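For reference, the structure discussed in these notes is given below.
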Amino acid sequence: MTACLDAWAVIAWLEDDPAAAQIEAHIGGARCCMSWVNAGEVHYVVHRRTDRHTADRVIAQLRADVDLIDATGSRALDAAAIKASYRMSYADCFAAATALEFGVPLITRDPEIIAAGISGLEVIDLAGR
């Protein structure tokens with residue numbers, strides 16, 4: 001795997017944001033990973049903005065292009081340890097924990113993740129800060 005995606009990155013990709021080409025390069029060039037928790041975030045955002053059918057199609061596309069990582073008990077505890085140390089949402093902690101577990105950079109635009117400065121986590125900042 002070359003990188004881990006968070007929900008912000010996937011939403012930017014879906015919306016053909018200026019950062020979409022950068023995200024596409026990671027998705028198209030090699031396998032990326034993403035926590036199922038963050039995939040769930042993508043689903044609810046798309047569902048809220050459109051409908052359930054569209055959200056289901058987006059997840060089917062993600063399953064084809066990205067390694068979706070289960071939220072096991074061990075991974076939940078790793079995310080909880082990050083949550084205990086940093087001011088971030090629990091879902092963001094799953095993204096960080098997944099990237100750390102696989103030793104790959106986390107692709108995001110999420111200001112909480114970027115500002116956290118998590119030890120050992122390489123962040124690819126889509127906002128270019």
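Residues are named by chain letter and number: chains run A, B, ... in the order of the structure tokens, numbers start at 1 in each chain, and ligands are numbered from 1 in the order shown.
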
*Selection near Leu68 of chain A, 8 Å with only C-alpha atoms, sequence-local residues under 5 positions removed, as a PyMOL selection string*: chain A and resi 33-36+39+62-63

Excluding segment 87-99 of chain A and its own-chain neighbours fewer than 3 positions away, which residues fall within 8 Å of it when counting only C-alpha atoms? Please give them as a short mmCIF file (atom, residue, chain, number, x, y, z; two decimals) with C-alpha atoms, in the first residue's frame.
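Heads up, here's the output in part-v1.cif:
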data_model
loop_
_atom_site.label_atom_id
_atom_site.label_comp_id
_atom_site.auth_asym_id
_atom_site.auth_seq_id
_atom_site.Cartn_x
_atom_site.Cartn_y
_atom_site.Cartn_z
CA ALA A 3 -1.19 5.71 1.26
CA CYS A 4 -4.22 5.85 3.52
CA LEU A 5 -7.25 7.97 2.67
CA ASP A 6 -9.55 9.73 5.06
CA CYS A 33 -6.19 1.74 2.28
CA MET A 34 -8.99 3.30 4.27
CA SER A 35 -10.68 2.38 7.50
CA VAL A 37 -15.07 3.81 9.83
CA ASN A 38 -13.94 6.52 7.39
CA GLU A 41 -18.24 8.78 6.94
CA ILE A 69 -9.70 -2.07 6.62
CA ARG A 75 -7.71 -1.06 15.80
CA ALA A 76 -10.46 0.52 17.93
CA ASP A 78 -5.30 2.09 18.73
CA ALA A 79 -7.73 4.82 17.64
CA ALA A 80 -8.78 5.32 21.26
CA ILE A 82 -4.78 8.52 19.65
CA LYS A 83 -8.04 10.11 20.81
CA ALA A 84 -6.73 10.19 24.37
CA PHE A 102 0.40 0.18 7.63
CA GLY A 103 3.28 2.67 7.73
CA VAL A 104 1.87 4.83 4.94
CA PRO A 105 1.11 8.55 4.70
CA LEU A 106 -2.42 9.77 5.42
CA GLU A 112 -7.77 18.59 13.00
CA ILE A 113 -5.52 15.83 11.68
CA ALA A 116 -2.48 17.42 15.59
CA LEU A 121 2.33 10.01 11.16
#

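The coordinates place atom CA of Tyr86 of chain A at 7.7 Å from atom CA of Ile118 of chain A.
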
List as CSV every residue of segment 42-126 of chain A that is in contact with segment 13-26 of chain A, defined as an atom at most 12 Å from one of its atoms (using only C-alpha atoms), together with the nearest atom pair and the distance in Å rounded to one decimal, sorted by chain and then rising number.
residue,atom,partner,partner_atom,distance
A:Val42,CA,A:Leu14,CA,9.8
A:His43,CA,A:Leu14,CA,11.7
A:Val45,CA,A:Leu14,CA,11.2
A:Val46,CA,A:Leu14,CA,9.4
A:Arg49,CA,A:Glu15,CA,11.6
A:Thr54,CA,A:Leu14,CA,11.6
A:Ala55,CA,A:Leu14,CA,11.1
A:Arg57,CA,A:Leu14,CA,11.8
A:Val58,CA,A:Leu14,CA,8.6
A:Ile59,CA,A:Leu14,CA,11.4
A:Gln61,CA,A:Leu14,CA,10.7
A:Leu62,CA,A:Leu14,CA,10.6
A:Asp65,CA,A:His26,CA,10.2
A:Val66,CA,A:His26,CA,9.9
A:Val104,CA,A:His26,CA,11.6
A:Pro105,CA,A:His26,CA,10.8
A:Leu106,CA,A:His26,CA,11.1
A:Ile107,CA,A:Ile23,CA,7.8
A:Thr108,CA,A:Ile23,CA,9.4
A:Arg109,CA,A:Ala19,CA,9.4
A:Ile124,CA,A:Gln22,CA,10.0
A:Asp125,CA,A:Ala19,CA,9.8
A:Leu126,CA,A:Ala19,CA,6.1

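Counting from atom CA of Met1 of chain A, the distance to atom CA of Ala71 of chain A is 17.8 Å.
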
*Residues flagged alpha helix (DSSP H) by DSSP in segment 49-97 of chain A, as a ChimeraX atom specification*: /A:49,52-65,73-85,90-97

What does the file look like for those residues with C-alpha atoms, as a PDB file, in the first residue's frame?
ATOM      1  CA  ARG A  49     -26.209  15.196   0.000  1.00  0.00           C
ATOM      2  CA  ARG A  52     -28.817   6.085  -0.251  1.00  0.00           C
ATOM      3  CA  HIS A  53     -28.486   4.479  -3.685  1.00  0.00           C
ATOM      4  CA  THR A  54     -25.754   6.922  -4.719  1.00  0.00           C
ATOM      5  CA  ALA A  55     -23.948   6.433  -1.414  1.00  0.00           C
ATOM      6  CA  ASP A  56     -24.057   2.656  -1.875  1.00  0.00           C
ATOM      7  CA  ARG A  57     -22.567   3.024  -5.385  1.00  0.00           C
ATOM      8  CA  VAL A  58     -19.745   5.186  -4.020  1.00  0.00           C
ATOM      9  CA  ILE A  59     -18.879   2.526  -1.438  1.00  0.00           C
ATOM     10  CA  ALA A  60     -18.962  -0.177  -4.131  1.00  0.00           C
ATOM     11  CA  GLN A  61     -16.488   1.897  -6.159  1.00  0.00           C
ATOM     12  CA  LEU A  62     -14.278   2.379  -3.097  1.00  0.00           C
ATOM     13  CA  ARG A  63     -14.304  -1.375  -2.458  1.00  0.00           C
ATOM     14  CA  ALA A  64     -13.017  -1.913  -6.001  1.00  0.00           C
ATOM     15  CA  ASP A  65     -10.257   0.698  -5.771  1.00  0.00           C
ATOM     16  CA  GLY A  73     -10.999  -4.449  18.551  1.00  0.00           C
ATOM     17  CA  SER A  74      -7.263  -3.852  18.346  1.00  0.00           C
ATOM     18  CA  ARG A  75      -7.713  -1.061  15.800  1.00  0.00           C
ATOM     19  CA  ALA A  76     -10.458   0.518  17.930  1.00  0.00           C
ATOM     20  CA  LEU A  77      -8.060   0.596  20.876  1.00  0.00           C
ATOM     21  CA  ASP A  78      -5.296   2.092  18.726  1.00  0.00           C
ATOM     22  CA  ALA A  79      -7.732   4.822  17.637  1.00  0.00           C
ATOM     23  CA  ALA A  80      -8.780   5.319  21.265  1.00  0.00           C
ATOM     24  CA  ALA A  81      -5.137   5.804  22.301  1.00  0.00           C
ATOM     25  CA  ILE A  82      -4.776   8.517  19.655  1.00  0.00           C
ATOM     26  CA  LYS A  83      -8.039  10.109  20.809  1.00  0.00           C
ATOM     27  CA  ALA A  84      -6.731  10.192  24.374  1.00  0.00           C
ATOM     28  CA  SER A  85      -3.674  12.174  23.289  1.00  0.00           C
ATOM     29  CA  TYR A  90     -12.768   9.429  16.902  1.00  0.00           C
ATOM     30  CA  ALA A  91     -13.277   8.767  13.180  1.00  0.00           C
ATOM     31  CA  ASP A  92     -10.196  10.878  12.412  1.00  0.00           C
ATOM     32  CA  CYS A  93      -8.319   8.760  14.928  1.00  0.00           C
ATOM     33  CA  PHE A  94      -9.226   5.648  12.926  1.00  0.00           C
ATOM     34  CA  ALA A  95      -7.726   7.239   9.813  1.00  0.00           C
ATOM     35  CA  ALA A  96      -4.531   8.079  11.680  1.00  0.00           C
ATOM     36  CA  ALA A  97      -4.334   4.659  13.355  1.00  0.00           C
TER      37      ALA A  97
END

*List every residue of chain A that DSSP, applied to the backbone of this structure, places in strand (DSSP E or B), and write the result as a ChimeraX atom specification.*
/A:3-5,32-35,66-69,106-108,123-125
